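Chemist: my_file.tsv is the file, holding TSV, C-alpha atoms and all ligand atoms:
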```tsv
chain	number	residue	atom	x	y	z
Z	1	MET	CA	-149.44	173.90	176.48
Z	2	GLY	CA	-152.04	174.01	179.25
Z	3	ARG	CA	-155.44	172.43	179.25
Z	4	ALA	CA	-158.09	173.13	176.70
Z	5	LYS	CA	-161.49	174.22	178.00
Z	6	LYS	CA	-163.67	173.95	174.96
Z	7	ALA	CA	-162.84	171.83	171.91
Z	8	VAL	CA	-164.48	171.44	168.51
Z	9	LEU	CA	-164.07	167.84	167.39
Z	10	ALA	CA	-164.14	166.61	163.78
Z	11	TYR	CA	-166.78	163.90	164.06
Z	12	SER	CA	-167.69	160.99	161.79
Z	13	GLY	CA	-169.99	158.95	164.01
Z	14	GLY	CA	-167.52	156.05	164.08
Z	15	VAL	CA	-166.10	154.39	167.18
Z	16	ASP	CA	-162.86	156.36	167.34
Z	17	THR	CA	-164.33	159.82	167.06
Z	18	SER	CA	-167.15	158.90	169.43
Z	19	VAL	CA	-164.72	157.68	172.08
Z	20	CYS	CA	-162.76	160.91	171.63
Z	21	ILE	CA	-165.64	162.78	173.29
Z	22	PRO	CA	-165.55	161.15	176.77
Z	23	TYR	CA	-161.80	160.64	176.49
Z	24	LEU	CA	-161.12	164.34	175.98
Z	25	MET	CA	-163.30	165.19	178.96
Z	26	LYS	CA	-162.25	162.46	181.39
Z	27	GLU	CA	-158.58	162.04	180.56
Z	28	TRP	CA	-157.60	165.43	179.28
Z	29	GLY	CA	-159.92	167.60	181.38
Z	30	VAL	CA	-161.66	169.31	178.47
Z	31	GLU	CA	-164.83	170.87	179.88
Z	32	GLU	CA	-166.89	170.96	176.75
Z	33	VAL	CA	-166.74	169.07	173.45
Z	34	ILE	CA	-168.66	170.36	170.45
Z	35	THR	CA	-168.72	168.04	167.46
Z	36	PHE	CA	-168.77	168.88	163.79
Z	37	ALA	CA	-169.78	166.33	161.16
Z	38	ALA	CA	-169.32	167.37	157.54
Z	39	ASP	CA	-171.63	166.38	154.73
Z	40	LEU	CA	-169.29	165.89	151.78
Z	41	GLY	CA	-171.80	163.98	149.72
Z	42	GLN	CA	-170.90	160.63	151.26
Z	43	GLY	CA	-174.59	159.74	151.40
Z	44	ASP	CA	-174.66	158.92	155.13
Z	45	GLU	CA	-177.70	159.88	157.06
Z	46	LEU	CA	-176.51	162.69	159.23
Z	47	GLU	CA	-179.28	162.96	161.82
Z	48	PRO	CA	-178.30	159.69	163.58
Z	49	ILE	CA	-174.69	160.88	163.57
Z	50	ARG	CA	-175.71	164.21	165.06
Z	51	ARG	CA	-177.61	162.43	167.83
Z	52	LYS	CA	-174.85	159.93	168.49
Z	53	ALA	CA	-172.46	162.75	169.29
Z	54	LEU	CA	-174.89	164.09	171.88
Z	55	ASP	CA	-175.41	160.59	173.30
Z	56	SER	CA	-171.63	160.25	173.56
Z	57	GLY	CA	-171.41	163.38	175.68
Z	58	ALA	CA	-171.02	166.29	173.28
Z	59	SER	CA	-172.54	169.53	174.54
Z	60	GLN	CA	-173.45	170.56	171.02
Z	61	SER	CA	-173.51	168.60	167.79
Z	62	ILE	CA	-173.18	170.47	164.52
Z	63	VAL	CA	-173.75	169.04	161.07
Z	64	GLY	CA	-172.74	171.08	158.07
Z	65	ASP	CA	-173.25	170.69	154.35
Z	66	LEU	CA	-169.90	171.33	152.67
Z	67	ILE	CA	-170.63	169.63	149.35
Z	68	GLU	CA	-170.71	172.74	147.23
Z	69	PRO	CA	-167.44	174.29	148.49
Z	70	PHE	CA	-165.87	170.83	148.38
Z	71	ILE	CA	-166.47	170.55	144.67
Z	72	ARG	CA	-166.00	174.20	143.68
Z	73	GLU	CA	-162.98	175.08	145.77
Z	74	PHE	CA	-161.21	171.74	146.10
Z	75	ALA	CA	-162.23	169.20	143.43
Z	76	PHE	CA	-162.37	171.64	140.52
Z	77	PRO	CA	-158.90	173.09	141.18
Z	78	ALA	CA	-157.64	169.48	141.38
Z	79	ILE	CA	-159.09	168.83	137.91
Z	80	ARG	CA	-157.37	171.94	136.55
Z	81	ALA	CA	-154.17	170.65	138.14
Z	82	ASN	CA	-154.70	167.10	136.74
Z	83	ALA	CA	-153.70	166.13	140.26
Z	84	LEU	CA	-152.68	162.48	140.53
Z	85	TYR	CA	-150.52	161.55	143.51
Z	86	GLU	CA	-147.72	159.24	142.43
Z	87	GLY	CA	-149.24	159.43	138.98
Z	88	ARG	CA	-152.44	157.66	139.98
Z	89	TYR	CA	-154.46	158.70	143.05
Z	90	PRO	CA	-156.69	161.72	142.40
Z	91	LEU	CA	-156.66	162.79	146.07
Z	92	SER	CA	-160.35	162.21	146.74
Z	93	THR	CA	-159.78	161.87	150.49
Z	94	ALA	CA	-156.92	164.33	150.79
Z	95	LEU	CA	-158.88	167.18	149.19
Z	96	ALA	CA	-161.55	167.08	151.90
Z	97	ARG	CA	-159.17	167.67	154.80
Z	98	PRO	CA	-158.24	171.32	154.37
Z	99	LEU	CA	-161.93	172.14	153.93
Z	100	ILE	CA	-162.92	170.33	157.13
Z	101	ALA	CA	-160.04	172.03	158.94
Z	102	ARG	CA	-161.18	175.43	157.69
Z	103	ARG	CA	-164.72	174.81	158.92
Z	104	LEU	CA	-163.51	173.52	162.31
Z	105	VAL	CA	-161.59	176.73	162.77
Z	106	GLU	CA	-164.61	178.86	161.84
Z	107	ILE	CA	-166.78	176.98	164.31
Z	108	ALA	CA	-164.13	177.22	167.02
Z	109	ARG	CA	-164.18	180.99	166.58
Z	110	GLU	CA	-167.98	181.14	166.53
Z	111	VAL	CA	-168.35	179.18	169.77
Z	112	GLY	CA	-165.29	180.61	171.49
Z	113	ALA	CA	-163.40	177.32	171.68
Z	114	ASP	CA	-159.69	177.26	172.48
Z	115	ALA	CA	-158.99	173.93	170.75
Z	116	VAL	CA	-159.93	171.75	167.85
Z	117	ALA	CA	-159.67	167.97	167.96
Z	118	HIS	CA	-159.65	165.04	165.58
Z	119	GLY	CA	-159.61	161.25	165.85
Z	120	CYS	CA	-156.71	160.55	163.51
Z	121	THR	CA	-154.03	158.08	164.49
Z	122	GLY	CA	-150.32	158.78	164.42
Z	123	LYS	CA	-149.69	156.64	161.34
Z	124	GLY	CA	-151.82	158.33	158.75
Z	125	ASN	CA	-151.77	161.28	156.41
Z	126	ASP	CA	-154.92	162.90	157.72
Z	127	GLN	CA	-153.37	163.96	161.04
Z	128	VAL	CA	-150.71	165.81	159.04
Z	129	ARG	CA	-153.31	167.50	156.86
Z	130	PHE	CA	-155.46	168.61	159.81
Z	131	ASP	CA	-152.63	169.74	162.04
Z	132	VAL	CA	-150.81	171.71	159.37
Z	133	ALA	CA	-153.99	173.35	158.08
Z	134	ILE	CA	-155.16	174.36	161.54
Z	135	GLY	CA	-151.73	175.69	162.42
Z	136	ALA	CA	-151.79	177.83	159.29
Z	137	LEU	CA	-155.34	179.12	159.73
Z	138	ALA	CA	-155.50	179.54	163.49
Z	139	PRO	CA	-152.20	179.38	165.35
Z	140	GLU	CA	-154.01	180.39	168.54
Z	141	LEU	CA	-155.95	177.12	168.65
Z	142	LYS	CA	-154.61	173.99	170.30
Z	143	VAL	CA	-154.88	170.80	168.24
Z	144	LEU	CA	-155.88	167.75	170.25
Z	145	ALA	CA	-155.37	164.30	168.76
Z	146	PRO	CA	-156.26	161.77	171.48
Z	147	ALA	CA	-156.10	158.71	169.21
Z	148	ARG	CA	-152.47	159.56	168.54
Z	149	GLU	CA	-151.71	159.15	172.21
Z	150	TRP	CA	-154.16	156.79	173.83
Z	151	GLY	CA	-152.48	153.59	172.65
Z	152	MET	CA	-155.72	151.58	172.71
Z	153	SER	CA	-156.39	148.69	170.34
Z	154	ARG	CA	-159.67	148.53	168.46
Z	155	GLU	CA	-161.16	146.25	171.16
Z	156	GLN	CA	-159.93	148.46	173.98
Z	157	THR	CA	-161.38	151.51	172.26
Z	158	ILE	CA	-164.77	149.83	171.95
Z	159	ALA	CA	-164.59	148.72	175.60
Z	160	TYR	CA	-163.64	152.23	176.74
Z	161	GLY	CA	-166.61	153.57	174.81
Z	162	GLU	CA	-168.99	151.02	176.29
Z	163	ALA	CA	-167.85	151.93	179.78
Z	164	CYS	CA	-168.82	155.51	178.93
Z	165	GLY	CA	-172.20	154.50	177.55
Z	166	ILE	CA	-171.28	154.49	173.88
Z	167	PRO	CA	-172.85	151.41	172.34
Z	168	ALA	CA	-170.52	149.09	170.45
Z	169	PRO	CA	-171.24	148.97	166.71
Z	170	VAL	CA	-174.31	146.73	166.36
Z	171	SER	CA	-173.63	145.04	163.06
Z	172	LYS	CA	-170.48	142.96	162.85
Z	173	THR	CA	-168.06	145.65	161.88
Z	174	SER	CA	-166.57	145.47	158.42
Z	175	PRO	CA	-162.86	144.61	158.41
Z	176	PHE	CA	-162.26	147.48	156.00
Z	177	SER	CA	-161.57	151.08	156.80
Z	178	ILE	CA	-163.46	153.23	154.33
Z	179	ASP	CA	-163.35	156.96	153.75
Z	180	LEU	CA	-165.95	158.29	151.37
Z	181	ASN	CA	-167.28	161.49	149.91
Z	182	LEU	CA	-168.76	162.68	146.65
Z	183	LEU	CA	-165.43	162.24	144.86
Z	184	GLY	CA	-165.06	158.62	145.70
Z	185	ARG	CA	-164.20	155.92	148.19
Z	186	SER	CA	-160.87	154.93	149.76
Z	187	ILE	CA	-160.74	151.42	151.15
Z	188	GLU	CA	-157.97	149.90	153.22
Z	189	ALA	CA	-157.17	147.46	156.05
Z	190	GLY	CA	-158.46	143.97	156.80
Z	191	PRO	CA	-157.50	141.43	154.12
Z	192	LEU	CA	-156.31	144.27	151.87
Z	193	GLU	CA	-153.29	144.75	154.14
Z	194	ASP	CA	-151.67	141.90	152.23
Z	195	PRO	CA	-150.63	143.67	149.03
Z	196	ASP	CA	-150.74	140.36	147.19
Z	197	VAL	CA	-154.42	139.71	147.96
Z	198	GLU	CA	-156.87	140.59	145.21
Z	199	PRO	CA	-159.58	143.00	146.38
Z	200	PRO	CA	-162.95	141.28	146.78
Z	201	GLU	CA	-165.70	142.59	144.51
Z	202	GLU	CA	-167.96	143.55	147.44
Z	203	ILE	CA	-165.75	146.41	148.57
Z	204	TYR	CA	-166.83	148.49	145.58
Z	205	ALA	CA	-169.93	150.64	145.59
Z	206	LEU	CA	-169.50	153.29	142.89
Z	207	THR	CA	-168.15	151.16	140.06
Z	208	VAL	CA	-169.22	147.84	138.59
Z	209	GLY	CA	-166.70	145.15	137.69
Z	210	VAL	CA	-165.68	144.84	134.06
Z	211	ASP	CA	-167.74	141.64	133.74
Z	212	ALA	CA	-170.90	143.45	134.79
Z	213	ALA	CA	-170.28	146.50	132.60
Z	214	PRO	CA	-172.47	146.88	129.49
Z	215	ASP	CA	-171.23	145.39	126.23
Z	216	VAL	CA	-172.28	148.51	124.39
Z	217	PRO	CA	-169.86	151.44	124.68
Z	218	GLN	CA	-171.04	154.94	125.49
Z	219	VAL	CA	-169.42	158.14	124.28
Z	220	VAL	CA	-169.67	161.14	126.59
Z	221	GLU	CA	-168.75	164.67	125.59
Z	222	ILE	CA	-167.28	166.81	128.35
Z	223	GLY	CA	-167.28	170.58	127.88
Z	224	PHE	CA	-164.72	172.80	129.62
Z	225	GLU	CA	-164.48	176.55	130.22
Z	226	GLN	CA	-161.23	177.92	131.55
Z	227	GLY	CA	-160.24	174.44	132.63
Z	228	TYR	CA	-163.42	173.80	134.61
Z	229	PRO	CA	-165.83	171.10	133.43
Z	230	VAL	CA	-169.18	172.75	132.66
Z	231	SER	CA	-171.25	170.31	130.63
Z	232	LEU	CA	-171.85	166.65	129.84
Z	233	ASP	CA	-173.22	165.74	126.43
Z	234	GLY	CA	-174.05	169.38	125.83
Z	235	GLN	CA	-176.06	169.77	129.00
Z	236	ARG	CA	-174.76	172.49	131.31
Z	237	LEU	CA	-174.54	171.31	134.89
Z	238	ASP	CA	-173.57	172.96	138.15
Z	239	PRO	CA	-170.34	171.54	139.61
Z	240	VAL	CA	-171.99	169.20	142.12
Z	241	SER	CA	-174.46	167.76	139.60
Z	242	LEU	CA	-171.68	167.38	137.08
Z	243	ILE	CA	-169.55	165.31	139.44
Z	244	ARG	CA	-172.54	163.17	140.39
Z	245	ARG	CA	-173.39	162.51	136.76
Z	246	ALA	CA	-169.78	161.79	135.83
Z	247	ASN	CA	-169.60	159.27	138.68
Z	248	GLU	CA	-172.70	157.49	137.42
Z	249	LEU	CA	-171.56	157.38	133.82
Z	250	ALA	CA	-168.04	156.18	134.47
Z	251	GLY	CA	-169.03	153.90	137.35
Z	252	ARG	CA	-171.65	152.15	135.22
Z	253	HIS	CA	-168.94	151.24	132.72
Z	254	GLY	CA	-166.53	149.99	135.37
Z	255	PHE	CA	-164.06	152.84	134.99
Z	256	GLY	CA	-162.36	154.45	137.97
Z	257	ARG	CA	-160.85	151.74	140.16
Z	258	LEU	CA	-157.32	151.84	141.49
Z	259	ASP	CA	-155.37	149.35	143.55
Z	260	MET	CA	-152.13	150.91	144.67
Z	261	ILE	CA	-149.23	150.84	147.05
Z	262	GLU	CA	-148.65	154.43	148.05
Z	263	ASN	CA	-146.07	156.28	150.08
Z	264	ARG	CA	-147.55	158.00	153.11
Z	265	VAL	CA	-146.17	161.23	154.51
Z	266	VAL	CA	-144.99	159.42	157.65
Z	267	GLY	CA	-142.79	157.10	155.62
Z	268	ILE	CA	-144.96	154.02	155.51
Z	269	LYS	CA	-145.93	152.21	152.34
Z	270	SER	CA	-149.60	151.34	152.44
Z	271	ARG	CA	-152.04	149.58	150.18
Z	272	GLU	CA	-155.22	151.41	149.28
Z	273	ILE	CA	-158.08	150.70	146.92
Z	274	TYR	CA	-159.81	153.70	145.39
Z	275	GLU	CA	-162.84	154.16	143.28
Z	276	THR	CA	-163.11	157.66	141.93
Z	277	PRO	CA	-164.89	157.27	138.59
Z	278	GLY	CA	-166.02	160.83	137.85
Z	279	LEU	CA	-162.87	162.57	138.99
Z	280	LEU	CA	-160.59	160.29	136.97
Z	281	LEU	CA	-162.78	160.69	133.90
Z	282	LEU	CA	-162.76	164.48	134.16
Z	283	ILE	CA	-159.00	164.64	134.72
Z	284	ARG	CA	-158.38	162.46	131.70
Z	285	ALA	CA	-160.56	164.67	129.51
Z	286	HIS	CA	-159.02	167.85	130.92
Z	287	GLN	CA	-155.48	166.65	130.20
Z	288	GLU	CA	-156.54	165.98	126.65
Z	289	LEU	CA	-157.99	169.43	126.12
Z	290	GLU	CA	-154.78	170.94	127.45
Z	291	SER	CA	-152.81	168.96	124.89
Z	292	LEU	CA	-154.79	170.77	122.23
Z	293	THR	CA	-154.80	174.27	123.72
Z	294	LEU	CA	-151.57	174.78	125.68
Z	295	ALA	CA	-148.26	175.65	124.05
Z	296	ALA	CA	-145.71	172.83	124.24
Z	297	ASP	CA	-143.39	174.48	126.74
Z	298	VAL	CA	-146.23	175.61	129.00
Z	299	LEU	CA	-147.69	172.11	128.89
Z	300	ARG	CA	-144.38	170.49	129.84
Z	301	SER	CA	-143.80	172.87	132.72
Z	302	LYS	CA	-147.34	172.40	133.89
Z	303	ARG	CA	-146.99	168.61	133.90
Z	304	GLN	CA	-144.04	168.95	136.27
Z	305	LEU	CA	-145.80	171.43	138.53
Z	306	GLU	CA	-148.88	169.21	138.60
Z	307	GLN	CA	-146.86	166.49	140.26
Z	308	GLN	CA	-145.67	168.94	142.85
Z	309	TRP	CA	-149.21	170.22	143.38
Z	310	ALA	CA	-150.42	166.66	144.00
Z	311	ASP	CA	-147.55	166.01	146.41
Z	312	LEU	CA	-148.32	169.20	148.32
Z	313	VAL	CA	-152.00	168.39	148.68
Z	314	TYR	CA	-151.30	164.80	149.66
Z	315	GLN	CA	-148.71	165.94	152.16
Z	316	GLY	CA	-150.99	168.41	153.91
Z	317	LEU	CA	-149.58	171.64	152.53
Z	318	TRP	CA	-152.79	172.99	150.94
Z	319	PHE	CA	-152.38	176.35	152.71
Z	320	GLY	CA	-148.65	176.63	152.02
Z	321	PRO	CA	-146.66	179.06	149.86
Z	322	LEU	CA	-145.63	176.68	147.08
Z	323	LYS	CA	-149.20	175.52	146.52
Z	324	ASP	CA	-150.24	179.18	146.38
Z	325	ALA	CA	-147.56	180.01	143.83
Z	326	ILE	CA	-148.32	177.01	141.63
Z	327	ASP	CA	-152.01	177.96	141.77
Z	328	GLY	CA	-151.03	181.29	140.24
Z	329	PHE	CA	-149.33	179.51	137.35
Z	330	ILE	CA	-152.26	177.15	136.82
Z	331	GLU	CA	-154.77	180.00	136.90
Z	332	ARG	CA	-152.87	181.77	134.12
Z	333	THR	CA	-152.70	178.66	131.95
Z	334	GLN	CA	-156.39	177.78	132.23
Z	335	VAL	CA	-157.59	180.94	130.47
Z	336	SER	CA	-157.26	179.11	127.16
Z	337	VAL	CA	-158.51	175.68	128.21
Z	338	ASN	CA	-161.91	175.96	126.51
Z	339	GLY	CA	-163.53	173.32	124.38
Z	340	SER	CA	-164.73	169.77	124.63
Z	341	VAL	CA	-163.47	166.22	124.70
Z	342	ARG	CA	-165.29	163.04	123.75
Z	343	VAL	CA	-164.48	159.95	125.76
Z	344	ARG	CA	-165.66	156.43	125.02
Z	345	LEU	CA	-166.55	154.45	128.13
Z	346	HIS	CA	-166.42	150.72	127.69
Z	347	LYS	CA	-165.64	147.78	129.96
Z	348	GLY	CA	-163.44	149.57	132.46
Z	349	ASN	CA	-161.80	151.88	129.94
Z	350	ALA	CA	-162.20	155.56	129.22
Z	351	THR	CA	-160.67	156.26	125.82
Z	352	VAL	CA	-160.46	159.73	124.35
Z	353	VAL	CA	-161.86	159.64	120.83
Z	354	GLY	CA	-162.04	163.33	119.96
Z	355	ARG	CA	-161.22	166.83	121.15
Z	356	ARG	CA	-161.95	170.33	119.87
Z	357	SER	CA	-161.66	173.98	120.78
Z	358	SER	CA	-163.06	176.61	118.46
Z	359	SER	CA	-161.48	179.47	120.40
Z	360	ASP	CA	-158.14	178.10	121.60
Z	361	SER	CA	-156.94	175.13	119.59
Z	362	LEU	CA	-153.27	175.45	118.66
Z	363	TYR	CA	-153.59	172.61	116.19
Z	364	VAL	CA	-153.11	174.17	112.74
Z	365	ASP	CA	-154.26	172.10	109.77
Z	366	ALA	CA	-151.93	173.82	107.31
Z	367	MET	CA	-148.98	172.80	109.49
Z	368	ALA	CA	-150.11	169.30	110.37
Z	369	THR	CA	-151.52	168.06	107.09
Z	370	TYR	CA	-149.76	165.76	104.64
Z	371	ASP	CA	-152.18	166.81	101.91
Z	372	SER	CA	-151.85	169.51	99.27
Z	373	GLY	CA	-152.75	172.30	101.71
Z	374	ASP	CA	-149.44	171.79	103.53
Z	375	GLN	CA	-147.78	175.15	104.28
Z	376	PHE	CA	-144.92	173.91	106.41
Z	377	ASP	CA	-141.54	174.87	104.88
Z	378	HIS	CA	-139.90	171.45	104.62
Z	379	ARG	CA	-136.60	172.88	103.37
Z	380	ALA	CA	-136.22	175.05	106.48
Z	381	ALA	CA	-135.86	171.86	108.47
Z	382	GLU	CA	-132.43	171.19	107.05
Z	383	GLY	CA	-130.81	174.28	108.60
Z	384	PHE	CA	-132.65	173.68	111.83
Z	385	ILE	CA	-131.30	170.14	112.05
Z	386	TYR	CA	-127.75	171.32	111.25
Z	387	VAL	CA	-127.80	173.57	114.32
Z	388	TRP	CA	-129.88	171.27	116.51
Z	389	GLY	CA	-127.60	168.30	115.98
Z	390	LEU	CA	-124.33	170.21	116.15
Z	391	PRO	CA	-123.49	169.53	119.81
Z	392	THR	CA	-124.29	165.86	119.38
Z	393	ARG	CA	-122.09	165.55	116.28
Z	394	LEU	CA	-119.19	167.33	117.97
Z	395	TRP	CA	-119.44	165.18	121.06
Z	396	ALA	CA	-119.79	161.98	119.09
Z	397	ALA	CA	-116.80	162.89	116.92
Z	398	ARG	CA	-114.64	163.38	119.98
Z	399	HIS	CA	-115.67	160.04	121.47
Z	400	ARG	CA	-115.35	158.11	118.20
Z	401	GLN	CA	-111.63	158.80	118.06
Z	402	GLY	CA	-110.66	156.63	121.02
P	1	LIG	N1	-154.54	156.97	151.65
P	1	LIG	C1	-155.48	157.97	151.31
P	1	LIG	C2	-154.99	159.35	151.64
P	1	LIG	O1	-154.11	159.47	152.42
P	1	LIG	C3	-156.84	157.72	151.87
P	1	LIG	C4	-156.94	157.36	153.29
P	1	LIG	C5	-158.38	157.13	153.58
P	1	LIG	N2	-158.69	156.40	154.74
P	1	LIG	C6	-159.24	155.18	154.75
P	1	LIG	N3	-159.75	154.78	155.85
P	1	LIG	N4	-159.28	154.42	153.71
P	1	LIG	O2	-155.48	160.33	151.13
```
Starting from the file, give its structure as C-alpha cells.

Modeler:
Amino acid sequence: MGRAKKAVLAYSGGVDTSVCIPYLMKEWGVEEVITFAADLGQGDELEPIRRKALDSGASQSIVGDLIEPFIREFAFPAIRANALYEGRYPLSTALARPLIARRLVEIAREVGADAVAHGCTGKGNDQVRFDVAIGALAPELKVLAPAREWGMSREQTIAYGEACGIPAPVSKTSPFSIDLNLLGRSIEAGPLEDPDVEPPEEIYALTVGVDAAPDVPQVVEIGFEQGYPVSLDGQRLDPVSLIRRANELAGRHGFGRLDMIENRVVGIKSREIYETPGLLLLIRAHQELESLTLAADVLRSKRQLEQQWADLVYQGLWFGPLKDAIDGFIERTQVSVNGSVRVRLHKGNATVVGRRSSSDSLYVDAMATYDSGDQFDHRAAEGFIYVWGLPTRLWAARHRQG
C-alpha cells in the first residue's frame, strides 16, 4: 500500500486520537498530520481541543461545525425511518460517522492529503463505519487506523503519549467510555461491562431519573410535515432547535434512557447505556402519525424496511445501494405524513394521547363508528369471511379425519 505522506485524522481531543498524531509520524512515517474535530452539538469547548492537536504535533488543526447537516441530513431521515437498531437503539452515535467521514474526505481533497486516519480500535462498529464510508466516497485515499494495530493498553498509550509530550489526562479519568452529540450520549465500559450491574445514576446527563421527574405530567404536541418534525406545541422550530427542545422536554421527565445488550458488527455482544430523549420522543410520535396516514400494506412493508435501514446504518452501509433504494421508498411514503401527535410525558414515560391529520388521515368516521352514522356494510363481511376462511377450513377438514 505504500506510505502515506499527508493524513487527515478524525480528532476528539482524547488520549487515543492524540497519541495517533505522533504515532502516525514516528511509527508509520507520515510526514504531516492534519486533524479534524467535528462539532456535533456535544457541548465540548472546541478551542482547547484545537490547540491540543497542535501541541500533540499536528501541522494544522481544523474544527468544523457540522450540527446543522447532522440533524438535517442524518437525524431527520432516521426519524422518517423510525430507525431503531434491534428495535431499541436510535443510532445516535452511528448516524454521526458517515457525516464525519464525508467531511474528512472533503478536507483531504482540500489539503491534498493522500490518507485519512481515525483512532478506532479493531473491536468496535465505528471503524467499520469510517472505513466503508471512506472507501465508498474516496477510493483513492488510504485509511490509517493505528489503534487497530498498535496493541497498546490504556496505560501504555498514555505512557507513549507522555514520552511524546502529550500530557496525561489531568483529572482522574472516568472509567466510562462516552460518545456524545446533540442526539444523545452512549456510555459503556468500566463497571457497565458486567451486564448484571445496574447503571449508576451519575452516568446520565440529559435525562433525570424517574424519582426526580416532576409529578405533574406535560403534554407536548409535535407537528410533522412530510414526515419531518417541524413544530413543538405549535411553535415552528428549525431542525436543530427542535431537537434541542425535544431533548429538554423529554429529558426533564426522565424519558429516553436505554440499557441494552447489542450485537456489534464484529460479532461481539456488548452492553451500552444510551440516553437519547428527543430522538426517541420524535420517533415515537412519527410512528404514530404514520399509523394514521399510511395505508395498511404500505405501513407493514415500511416497518420491515425500517429494520433493514437501521441495520444498514448501524453496520456502516450508509452509502450503500440498499440504503439508497430504501430511502427512495421512504421518501415516497412520507409525502402524506402530515399532521400532529400529542404525547404525554410523565415519570419516564412518553404516552401518545392524540393524533390528527387534516390533509392525510385515512381514519374514516363512517367506517369506524359504532353509532348511527355507521356506513360499513356489515352483511358484506359474510361473503368475505367465506372466501377468506376457505383454505383454513379445507386444511382443517383434511387433518380432522385422521
Ligand atoms: N454501540 C454504539 C454504536 O455502535 C455506540 C458506541 C459509542 N461509543 C462509546 N464509547 N460509548 O453505535

Chemist: Once you count only C-alpha atoms and all ligand atoms, which residues end up within 6 Å of ligand LIG 1 (chain P), and could you hand them over as a PDB file with C-alpha atoms, keeping the file's coordinate frame?

Modeler:
```pdb
ATOM      1  CA  LEU Z  91    -156.660 162.790 146.070  1.00  0.00           C
ATOM      2  CA  THR Z  93    -159.780 161.870 150.490  1.00  0.00           C
ATOM      3  CA  ALA Z  94    -156.920 164.330 150.790  1.00  0.00           C
ATOM      4  CA  ASN Z 125    -151.770 161.280 156.410  1.00  0.00           C
ATOM      5  CA  SER Z 177    -161.570 151.080 156.800  1.00  0.00           C
ATOM      6  CA  ILE Z 178    -163.460 153.230 154.330  1.00  0.00           C
ATOM      7  CA  ASP Z 179    -163.350 156.960 153.750  1.00  0.00           C
ATOM      8  CA  SER Z 186    -160.870 154.930 149.760  1.00  0.00           C
ATOM      9  CA  ILE Z 187    -160.740 151.420 151.150  1.00  0.00           C
ATOM     10  CA  GLU Z 188    -157.970 149.900 153.220  1.00  0.00           C
TER      11      GLU Z 188
END
```

Chemist: Expressed in Å to a single decimal, how great is the separation between atom CA of Ala75 of chain Z and atom CA of Asp324 of chain Z?

Modeler: 15.9 Å

Chemist: Of the candidates Z:Gln401, Z:Gln375, Z:Thr392, Z:Asn263, which shows the shortest atom-to-atom distance to Tyr89 of chain Z, using only C-alpha atoms?

Modeler: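 For Tyr89 of chain Z, the nearest of the given residues is Z:Asn263.
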
Chemist: Pick the closest to Ala310 of chain Z from Z:Lys323, Z:Arg51, Z:Arg284, Z:His118: which is it, counting only C-alpha atoms?

Modeler: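 Among the listed residues, Z:Lys323 lies closest to Ala310 of chain Z.
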
Chemist: From the list Z:Met260, Z:Leu182, Z:Val33, Z:Ala145, which residue is nearest Asp194 of chain Z when using all atoms listed in the file?

Modeler: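 Ranking Z:Met260, Z:Leu182, Z:Val33, Z:Ala145 by distance to Asp194 of chain Z, first place goes to Z:Met260.
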
Chemist: (-173.7, 159.8, 155.7) in this file's frame - what residues fall within 12 Å of it? Use all atoms listed in the file and give the answer as an MDAnalysis selection string.

Modeler: chainID Z and resid 11:14 37:50 63:65 179:182

Chemist: Would you mind reading off the distance between atom CA of Val298 of chain Z and atom CA of Arg393 of chain Z, one decimal, in Å?

Modeler: 29.1 Å

Chemist: Restricting the calculation to all atoms listed in the file, which member of Z:Tyr23, Z:Phe176, Z:Trp318, Z:Phe329 is positioned closest to Tyr160 of chain Z?

Modeler: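 Smallest separation from Tyr160 of chain Z among the options: Z:Tyr23.
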
Chemist: Between Z:Ser92, Z:Ser340, Z:Ser231, Z:Gln60, which is the closest to Val313 of chain Z once you count only C-alpha atoms?

Modeler: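 That would be Z:Ser92, the residue with the smallest distance to Val313 of chain Z.
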
Chemist: Starting from the incomplete input, reconstruct N, CA, C and O atoms of segment 274-281 of chain Z and write that as a PDB file, in the frame of the given file.

Modeler:
```pdb
ATOM      1  N   TYR Z 274    -158.985 152.506 145.615  1.00  0.00           N
ATOM      2  CA  TYR Z 274    -159.810 153.700 145.390  1.00  0.00           C
ATOM      3  C   TYR Z 274    -160.816 153.417 144.312  1.00  0.00           C
ATOM      4  O   TYR Z 274    -160.545 152.674 143.368  1.00  0.00           O
ATOM      5  N   GLU Z 275    -161.969 154.050 144.450  1.00  0.00           N
ATOM      6  CA  GLU Z 275    -162.840 154.160 143.280  1.00  0.00           C
ATOM      7  C   GLU Z 275    -163.268 155.614 143.191  1.00  0.00           C
ATOM      8  O   GLU Z 275    -163.893 156.151 144.101  1.00  0.00           O
ATOM      9  N   THR Z 276    -162.861 156.238 142.133  1.00  0.00           N
ATOM     10  CA  THR Z 276    -163.110 157.660 141.930  1.00  0.00           C
ATOM     11  C   THR Z 276    -163.464 157.873 140.447  1.00  0.00           C
ATOM     12  O   THR Z 276    -162.713 158.517 139.715  1.00  0.00           O
ATOM     13  N   PRO Z 277    -164.611 157.316 140.030  1.00  0.00           N
ATOM     14  CA  PRO Z 277    -164.890 157.270 138.590  1.00  0.00           C
ATOM     15  C   PRO Z 277    -164.984 158.650 137.934  1.00  0.00           C
ATOM     16  O   PRO Z 277    -164.316 158.900 136.922  1.00  0.00           O
ATOM     17  N   GLY Z 278    -165.797 159.538 138.502  1.00  0.00           N
ATOM     18  CA  GLY Z 278    -166.020 160.830 137.850  1.00  0.00           C
ATOM     19  C   GLY Z 278    -164.758 161.670 137.795  1.00  0.00           C
ATOM     20  O   GLY Z 278    -164.395 162.240 136.756  1.00  0.00           O
ATOM     21  N   LEU Z 279    -164.065 161.732 138.913  1.00  0.00           N
ATOM     22  CA  LEU Z 279    -162.870 162.570 138.990  1.00  0.00           C
ATOM     23  C   LEU Z 279    -161.802 162.101 137.997  1.00  0.00           C
ATOM     24  O   LEU Z 279    -161.190 162.910 137.284  1.00  0.00           O
ATOM     25  N   LEU Z 280    -161.597 160.800 137.915  1.00  0.00           N
ATOM     26  CA  LEU Z 280    -160.590 160.290 136.970  1.00  0.00           C
ATOM     27  C   LEU Z 280    -161.002 160.543 135.525  1.00  0.00           C
ATOM     28  O   LEU Z 280    -160.170 160.869 134.682  1.00  0.00           O
ATOM     29  N   LEU Z 281    -162.291 160.419 135.258  1.00  0.00           N
ATOM     30  CA  LEU Z 281    -162.780 160.690 133.900  1.00  0.00           C
ATOM     31  C   LEU Z 281    -162.552 162.157 133.529  1.00  0.00           C
ATOM     32  O   LEU Z 281    -162.068 162.481 132.438  1.00  0.00           O
TER      33      LEU Z 281
END
```
